[in-house]
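**Student:** Data file target_30.txt (compact mmCIF, C-alpha atoms) is appended below.
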# COMPACT_ATOMS: atom_id res chain seq x y z
CA MET L 1 68.00 113.84 172.64
CA ARG L 2 65.33 116.54 172.83
CA VAL L 3 63.81 117.34 169.45
CA LEU L 4 61.85 120.50 168.68
CA ALA L 5 59.59 119.93 165.66
CA VAL L 6 57.78 122.20 163.22
CA GLU L 7 54.80 121.17 161.09
CA SER L 8 53.39 123.52 158.43
CA SER L 9 52.43 121.33 155.47
CA CYS L 10 48.92 122.71 154.98
CA ASP L 11 46.52 124.67 157.21
CA GLU L 12 47.73 123.77 160.71
CA THR L 13 50.71 125.44 162.33
CA ALA L 14 52.17 123.14 164.95
CA LEU L 15 55.21 122.77 167.19
CA ALA L 16 56.20 120.06 169.66
CA VAL L 17 59.06 118.92 171.85
CA TYR L 18 59.89 115.21 172.19
CA ASP L 19 62.40 113.80 174.67
CA GLY L 20 63.89 110.66 173.16
CA GLY L 21 65.75 109.72 176.31
CA ARG L 22 62.52 109.57 178.29
CA GLY L 23 60.41 108.44 175.36
CA ALA L 24 58.01 111.24 176.21
CA LEU L 25 56.22 114.03 174.44
CA LEU L 26 56.96 117.08 176.58
CA ALA L 27 54.68 119.58 174.86
CA HIS L 28 52.79 120.24 171.66
CA ARG L 29 50.58 122.97 170.29
CA VAL L 30 48.49 123.26 167.13
CA HIS L 31 46.92 126.35 165.60
CA SER L 32 44.20 125.63 163.04
CA GLN L 33 43.62 128.04 160.17
CA THR L 34 40.00 126.96 159.67
CA GLU L 35 38.64 130.47 160.16
CA VAL L 36 41.16 131.88 157.68
CA HIS L 37 40.02 129.58 154.87
CA ALA L 38 36.36 128.98 155.71
CA GLU L 39 35.01 131.86 153.65
CA TYR L 40 36.78 130.47 150.56
CA GLY L 41 35.48 126.93 151.00
CA GLY L 42 38.99 125.45 150.98
CA VAL L 43 42.64 126.12 151.70
CA VAL L 44 44.18 129.14 149.94
CA PRO L 45 47.93 128.37 149.74
CA GLU L 46 49.15 131.97 149.93
CA LEU L 47 47.01 132.72 152.97
CA ALA L 48 48.20 129.51 154.62
CA ALA L 49 51.86 130.47 154.20
CA ARG L 50 51.27 133.97 155.56
CA ASP L 51 49.45 132.68 158.61
CA HIS L 52 52.24 130.18 159.31
CA MET L 53 54.70 133.06 159.23
CA ARG L 54 52.69 134.98 161.80
CA ARG L 55 52.07 132.05 164.13
CA LEU L 56 55.39 130.18 164.21
CA PRO L 57 57.42 132.48 166.52
CA LEU L 58 54.62 132.74 169.09
CA LEU L 59 53.87 129.01 169.08
CA ALA L 60 57.58 128.24 169.45
CA ARG L 61 57.80 130.37 172.59
CA GLN L 62 54.62 128.82 173.97
CA VAL L 63 55.68 125.22 173.39
CA MET L 64 59.11 125.80 174.90
CA THR L 65 57.45 127.32 177.97
CA ASP L 66 55.08 124.35 178.15
CA ALA L 67 58.05 121.98 178.02
CA GLY L 68 59.93 123.94 180.68
CA LEU L 69 62.98 124.29 178.44
CA GLY L 70 65.15 126.99 176.95
CA TYR L 71 66.36 126.88 173.37
CA GLY L 72 69.81 125.95 174.67
CA GLN L 73 68.36 122.67 175.90
CA VAL L 74 67.18 121.55 172.45
CA ASP L 75 69.42 118.96 170.76
CA ALA L 76 67.88 119.01 167.26
CA VAL L 77 65.12 120.55 165.16
CA ALA L 78 62.88 118.44 162.91
CA TYR L 79 60.57 119.91 160.30
CA THR L 80 58.09 118.78 157.67
CA ALA L 81 59.72 119.01 154.24
CA GLY L 82 56.84 117.38 152.33
CA PRO L 83 54.48 116.44 150.96
CA GLY L 84 52.27 119.48 151.20
CA LEU L 85 51.74 123.02 149.89
CA ALA L 86 55.02 124.44 148.63
CA GLY L 87 54.69 127.88 150.22
CA ALA L 88 53.50 126.50 153.55
CA LEU L 89 56.35 123.97 153.62
CA MET L 90 58.95 126.63 152.78
CA THR L 91 57.75 128.87 155.60
CA GLY L 92 58.09 126.13 158.19
CA ALA L 93 61.37 124.84 156.78
CA ALA L 94 62.96 128.30 156.78
CA PHE L 95 61.88 128.89 160.37
CA ALA L 96 63.14 125.47 161.50
CA LYS L 97 66.49 125.71 159.72
CA GLY L 98 67.05 129.20 161.10
CA LEU L 99 66.19 128.04 164.59
CA ALA L 100 68.56 125.07 164.30
CA ALA L 101 71.37 127.33 163.09
CA SER L 102 70.83 129.82 165.90
CA CYS L 103 70.91 127.00 168.48
CA GLY L 104 73.90 125.30 166.87
CA VAL L 105 72.08 121.97 166.56
CA PRO L 106 71.35 119.65 163.61
CA ALA L 107 68.13 119.78 161.60
CA MET L 108 66.17 116.89 160.12
CA ALA L 109 63.76 117.01 157.18
CA VAL L 110 60.78 114.71 157.84
CA ASN L 111 58.23 113.15 155.52
CA HIS L 112 54.75 114.16 156.68
CA LEU L 113 53.22 110.80 155.76
CA GLU L 114 55.86 108.90 157.71
CA GLY L 115 54.97 111.06 160.68
CA HIS L 116 51.31 110.01 160.44
CA ILE L 117 52.16 106.31 160.20
CA LEU L 118 54.43 106.51 163.26
CA ALA L 119 52.01 108.63 165.34
CA PRO L 120 50.46 105.60 167.13
CA LEU L 121 53.93 104.89 168.59
CA LEU L 122 53.30 107.90 170.85
CA GLY L 123 50.31 106.16 172.45
CA ASP L 124 50.01 104.04 175.58
CA ASP L 125 49.77 100.84 173.49
CA PRO L 126 52.22 101.32 170.63
CA PRO L 127 52.15 98.71 167.86
CA ASP L 128 55.08 96.43 167.19
CA PHE L 129 56.48 96.09 163.69
CA PRO L 130 55.46 94.74 161.24
CA PHE L 131 51.91 95.99 160.69
CA LEU L 132 49.45 96.96 157.99
CA ALA L 133 48.71 100.68 157.80
CA LEU L 134 45.74 102.55 156.42
CA LEU L 135 46.85 106.13 155.85
CA VAL L 136 43.91 108.50 155.37
CA SER L 137 45.32 112.01 155.49
CA GLY L 138 44.29 114.93 153.32
CA GLY L 139 44.74 113.96 149.68
CA HIS L 140 46.21 110.57 150.56
CA SER L 141 44.42 107.25 151.00
CA GLN L 142 46.92 104.40 151.00
CA VAL L 143 47.20 100.82 152.22
CA ILE L 144 50.81 100.16 153.24
CA GLU L 145 52.79 97.21 154.54
CA VAL L 146 55.10 98.55 157.27
CA ARG L 147 58.07 96.36 158.20
CA GLY L 148 59.88 99.04 160.18
CA VAL L 149 60.76 102.72 160.12
CA GLY L 150 61.52 103.55 156.51
CA ARG L 151 60.49 100.09 155.30
CA TYR L 152 57.25 100.72 153.46
CA ARG L 153 55.55 98.85 150.63
CA LEU L 154 52.55 100.47 148.95
CA LEU L 155 49.80 97.89 148.42
CA GLY L 156 46.98 100.10 147.23
CA GLU L 157 45.86 103.71 147.00
CA SER L 158 43.03 105.89 145.80
CA ILE L 159 43.07 106.30 142.04
CA ASP L 160 41.02 109.51 142.22
CA ASP L 161 39.51 111.28 145.24
CA ALA L 162 41.07 110.37 148.58
CA ILE L 163 38.67 109.49 151.39
CA GLY L 164 39.06 112.84 153.13
CA GLU L 165 38.41 114.65 149.86
CA ALA L 166 35.29 112.57 149.23
CA PHE L 167 33.99 113.45 152.70
CA ASP L 168 34.69 117.17 152.25
CA LYS L 169 33.28 117.36 148.71
CA SER L 170 30.14 115.44 149.69
CA ALA L 171 29.69 117.74 152.67
CA LYS L 172 30.00 120.76 150.39
CA LEU L 173 27.23 119.35 148.18
CA MET L 174 25.04 119.29 151.29
CA GLY L 175 25.91 122.87 152.16
CA LEU L 176 27.78 121.93 155.31
CA GLY L 177 30.60 124.40 154.81
CA TYR L 178 34.33 123.98 155.35
CA PRO L 179 35.85 121.81 156.65
CA GLY L 180 33.03 119.42 155.89
CA GLY L 181 34.18 115.92 156.80
CA ALA L 182 33.49 116.18 160.52
CA ALA L 183 30.20 118.01 159.87
CA LEU L 184 29.06 115.23 157.54
CA SER L 185 29.81 112.62 160.21
CA ARG L 186 27.78 114.57 162.77
CA LEU L 187 24.87 114.81 160.34
CA ALA L 188 25.13 111.07 159.63
CA GLU L 189 24.37 110.31 163.28
CA SER L 190 20.76 111.38 162.70
CA GLY L 191 20.35 109.55 159.37
CA ASP L 192 19.50 106.05 158.21
CA PRO L 193 22.65 104.28 156.90
CA THR L 194 20.50 101.83 154.91
CA ALA L 195 18.37 104.48 153.19
CA VAL L 196 20.51 104.76 150.06
CA PRO L 197 21.97 101.57 148.54
CA PHE L 198 25.21 103.09 147.30
CA THR L 199 27.52 100.75 145.42
CA ARG L 200 30.71 99.95 147.33
CA PRO L 201 33.37 101.06 144.85
CA MET L 202 35.87 98.57 143.39
CA VAL L 203 35.18 95.81 145.90
CA ASN L 204 34.44 93.37 143.07
CA ARG L 205 37.75 94.07 141.37
CA PRO L 206 41.07 92.43 142.26
CA GLY L 207 43.72 94.46 144.05
CA LEU L 208 43.69 96.93 146.89
CA ASP L 209 43.25 100.25 145.09
CA LEU L 210 40.43 102.57 146.16
CA SER L 211 38.12 104.93 144.28
CA PHE L 212 35.61 107.40 145.70
CA SER L 213 34.95 109.86 142.86
CA GLY L 214 31.97 107.85 141.62
CA LEU L 215 30.52 107.65 145.12
CA LYS L 216 30.73 111.42 145.39
CA THR L 217 28.81 111.70 142.10
CA ALA L 218 26.17 109.32 143.43
CA VAL L 219 25.82 111.57 146.50
CA ALA L 220 25.22 114.55 144.20
CA ASN L 221 22.50 112.62 142.34
CA GLU L 222 20.69 111.67 145.55
CA ILE L 223 20.77 115.25 146.81
CA ALA L 224 19.42 116.49 143.48
CA ALA L 225 16.60 113.93 143.78
CA GLY L 226 15.58 115.43 147.13
CA ARG L 227 16.79 112.66 149.41
CA PRO L 228 17.14 113.84 153.06
CA HIS L 229 20.71 114.95 153.64
CA ALA L 230 21.06 113.04 156.90
CA ASP L 231 20.16 109.76 155.15
CA VAL L 232 22.58 110.49 152.31
CA ALA L 233 25.34 111.32 154.79
CA ALA L 234 24.76 108.17 156.85
CA SER L 235 24.60 105.94 153.77
CA PHE L 236 27.71 107.55 152.30
CA GLU L 237 29.69 107.08 155.52
CA ARG L 238 28.61 103.47 155.87
CA THR L 239 29.54 102.72 152.25
CA VAL L 240 33.03 104.15 152.72
CA ILE L 241 33.55 102.13 155.89
CA ASP L 242 32.20 98.93 154.32
CA THR L 243 34.62 99.40 151.43
CA LEU L 244 37.58 99.89 153.75
CA VAL L 245 36.69 96.84 155.84
CA ILE L 246 36.60 94.66 152.71
CA LYS L 247 39.84 96.03 151.28
CA LEU L 248 41.73 95.87 154.57
CA GLY L 249 40.54 92.32 155.17
CA ARG L 250 42.05 91.37 151.82
CA ALA L 251 45.29 93.18 152.65
CA LEU L 252 45.61 91.36 155.97
CA GLU L 253 45.08 88.03 154.22
CA GLN L 254 47.60 88.93 151.53
CA THR L 255 50.33 89.97 153.95
CA GLY L 256 49.62 87.55 156.78
CA LEU L 257 49.74 90.43 159.27
CA ASP L 258 47.57 90.63 162.39
CA ARG L 259 48.22 94.23 163.42
CA LEU L 260 46.53 97.22 161.80
CA VAL L 261 47.38 100.91 162.19
CA VAL L 262 44.96 103.60 161.02
CA ALA L 263 46.40 107.12 160.83
CA GLY L 264 45.52 110.54 159.44
CA GLY L 265 42.57 112.86 159.86
CA VAL L 266 39.89 110.33 158.90
CA ALA L 267 41.24 108.01 161.62
CA ALA L 268 39.30 110.21 164.07
CA ASN L 269 35.99 109.01 162.59
CA ARG L 270 34.21 107.15 165.40
CA PRO L 271 32.15 104.68 163.30
CA LEU L 272 35.30 103.75 161.34
CA ARG L 273 37.19 103.10 164.57
CA GLN L 274 34.39 100.92 165.89
CA ARG L 275 34.06 98.82 162.73
CA LEU L 276 37.79 98.25 162.35
CA ALA L 277 38.15 97.40 166.03
CA SER L 278 35.39 94.80 165.67
CA MET L 279 36.98 93.41 162.51
CA MET L 280 40.35 92.93 164.20
CA VAL L 281 38.79 91.29 167.26
CA GLU L 282 37.04 88.81 164.95
CA ARG L 283 40.36 88.12 163.23
CA GLY L 284 42.21 87.67 166.52
CA GLY L 285 44.39 90.70 165.84
CA ALA L 286 44.73 94.27 167.08
CA VAL L 287 44.13 97.73 165.69
CA HIS L 288 45.99 100.86 166.78
CA PHE L 289 44.92 104.47 166.31
CA PRO L 290 46.64 107.71 167.29
CA SER L 291 44.90 109.70 169.99
CA ILE L 292 42.18 111.90 168.50
CA GLU L 293 44.31 115.03 168.88
CA LEU L 294 47.17 113.40 166.94
CA CYS L 295 45.03 112.23 164.00
CA THR L 296 45.07 115.60 162.28
CA ASP L 297 48.29 117.36 161.31
CA ASN L 298 50.55 117.93 164.30
CA ALA L 299 54.21 118.36 165.19
CA ALA L 300 54.35 115.57 167.78
CA MET L 301 54.50 112.96 165.03
CA ILE L 302 57.16 114.99 163.21
CA ALA L 303 59.24 115.18 166.38
CA LEU L 304 59.08 111.39 166.83
CA ALA L 305 59.89 110.62 163.19
CA GLY L 306 62.75 113.11 163.29
CA TYR L 307 64.11 111.64 166.51
CA LEU L 308 64.12 108.09 165.12
CA ARG L 309 66.18 109.22 162.13
CA LEU L 310 68.46 111.58 164.04
CA ARG L 311 69.21 108.80 166.50
CA ALA L 312 70.57 106.75 163.61
CA GLY L 313 72.91 109.56 162.60
CA GLU L 314 70.89 111.21 159.83
CA VAL L 315 70.96 115.00 159.54
CA ASP L 316 69.89 117.61 157.04
CA ALA L 317 73.44 118.73 156.34
CA GLU L 318 72.73 121.35 153.68
CA PRO L 319 73.11 124.96 154.89
CA GLY L 320 69.97 125.93 152.99
CA PHE L 321 66.79 123.96 152.64
CA SER L 322 64.52 122.44 150.04
CA VAL L 323 60.96 121.17 150.27
CA ARG L 324 59.18 118.40 148.40
CA PRO L 325 55.50 119.08 147.70
CA ARG L 326 55.41 115.54 146.31
CA TRP L 327 57.41 113.03 148.35
CA PRO L 328 56.25 109.41 148.00
CA LEU L 329 56.40 107.43 151.22
CA GLU L 330 57.82 104.38 149.46
CA SER L 331 60.87 106.40 148.37
CA LEU L 332 62.10 106.57 151.97
CA ARG L 333 64.85 104.37 153.36
CA PRO L 334 65.38 102.96 156.86
CA PRO L 335 67.20 105.33 159.28
CA GLY L 336 70.92 105.31 158.64
CA ALA L 337 70.68 103.43 155.32
CA ALA L 338 72.95 104.61 152.53
CA ALA L 339 71.29 106.78 149.93
Written as structure tokens, how would this file's structure read?
**Tutor:**
Amino acid sequence: MRVLAVESSCDETALAVYDGGRGALLAHRVHSQTEVHAEYGGVVPELAARDHMRRLPLLARQVMTDAGLGYGQVDAVAYTAGPGLAGALMTGAAFAKGLAASCGVPAMAVNHLEGHILAPLLGDDPPDFPFLALLVSGGHSQVIEVRGVGRYRLLGESIDDAIGEAFDKSAKLMGLGYPGGAALSRLAESGDPTAVPFTRPMVNRPGLDLSFSGLKTAVANEIAAGRPHADVAASFERTVIDTLVIKLGRALEQTGLDRLVVAGGVAANRPLRQRLASMMVERGGAVHFPSIELCTDNAAMIALAGYLRLRAGEVDAEPGFSVRPRWPLESLRPPGAAA
């Protein structure tokens, strides 16, 4: 089964082709809208939807050429139906459903978060189930027990700002522009991570929930006091990572798991990767990350997630389409399970 996938949940337009028979990603392309939204300091939903509309047909032709296939050689079309920005999701869903209808093949609505969690399965060292997952994508920061595809148990999540939001908002306070998370990490490389003794949020409380709004406020106070931005950035980054190491250690103890998956945009953070890799070595376990290019939003992960569900006989049978700006991961069922 060859699956063509469309991802348009936010500010990346992406398409990919996955060959399930070969277990291989044949092609994928991503167009980032960073320049479109940079002057506004954040994503403007209407502009995002319009740019998706412009980019999708061209990217589809390019990815099919890259894969060396014609549309008649596609067996199914998968698309992101949520969570995400409603207008952006509708643009991608309409394009994908129309493409599936014109090719006479089934379509499959995919949960964007499930795509992120399964992205490491596309790597050279895919994790076996079960595993613990840290999902750090956009507005989501969640700790999840993963027993298989569609078998997810939420253990903890951010009760306010997600990690990515805290990075971006702190970067904005430092005048680093948009998107700020990666810029903050680059600035942190030249700072002293011990300069500011930030409190590690909620580590002294029971449970696995996360909170970063107070840390962001502490960053604002240090900047207002004239602390060098590089030191604030380095101390902020270290505090976030320390907090995650503590919380994930607890989650591994609680579940008895020895495999960890870290997925989503923040999974590209190099110091985070290094600390979690060291933690898992000390515990005698293993940690798995997507490749750097598959950490941010992409269609490769949507193609894989769609394939795994299509293989089990699931299809999006409705002639029209609907999107779900809010679509909790724990509401999903295993492939082929009765609704």
**Student:** Please work out which residues fall within 10 Å of (50.9, 105.1, 172.9), coordinates as given in the file, with all atoms listed in the file counting, and return them as a list in words.
**Tutor:**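 Neighbouring residues, ordered by chain and number, come to Ala24, Ala119, Pro120, Leu121, Leu122, Gly123, Asp124, Asp125, Pro126, Pro127, His288, Phe289, Pro290 and Ser291 of chain L.
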**Student:** Find the residues around region 77-94 of chain L up to 8 Å (only C-alpha atoms counted), leave out those fewer than 5 positions away in its own chain, and share them as a ChimeraX atom specification.
**Tutor:** /L:3-10,45-46,48-49,52-53,56,99-100,105-113,302-303,306-307,321-328
**Student:** Would you please work out which residue, of L:Gln62, L:Val281, L:Pro334, L:Arg50, is nearest to Arg311 (chain L) when using only C-alpha atoms?
**Tutor:** L:Pro334
**Student:** Residues within 7 Å of (30.6, 104.1, 141.2), file coordinates, counting only C-alpha atoms: what are they? Give the list as a ChimeraX atom specification.
**Tutor:** /L:199,201,214-215
**Student:** Please provide as a list in words all residues within 8 Å of Leu332 (chain L), with the sequence filter that same-chain residues fewer than 6 positions apart are discarded (counting only C-alpha atoms).
**Tutor:**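 Final neighbour list, sorted by chain and number: Gly150, Arg151 and Tyr152 of chain L.
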**Student:** Might I get the box with edges along x, y and z of the file that holds all atoms of region 10-15 of chain L listed there, padded by 3 Å on every side, given as centre and edge lengths in Å to one decimal, as AutoDock Vina command-line options?
**Tutor:**
--center_x 50.9 --center_y 124.1 --center_z 161.1 --size_x 14.7 --size_y 8.7 --size_z 18.2
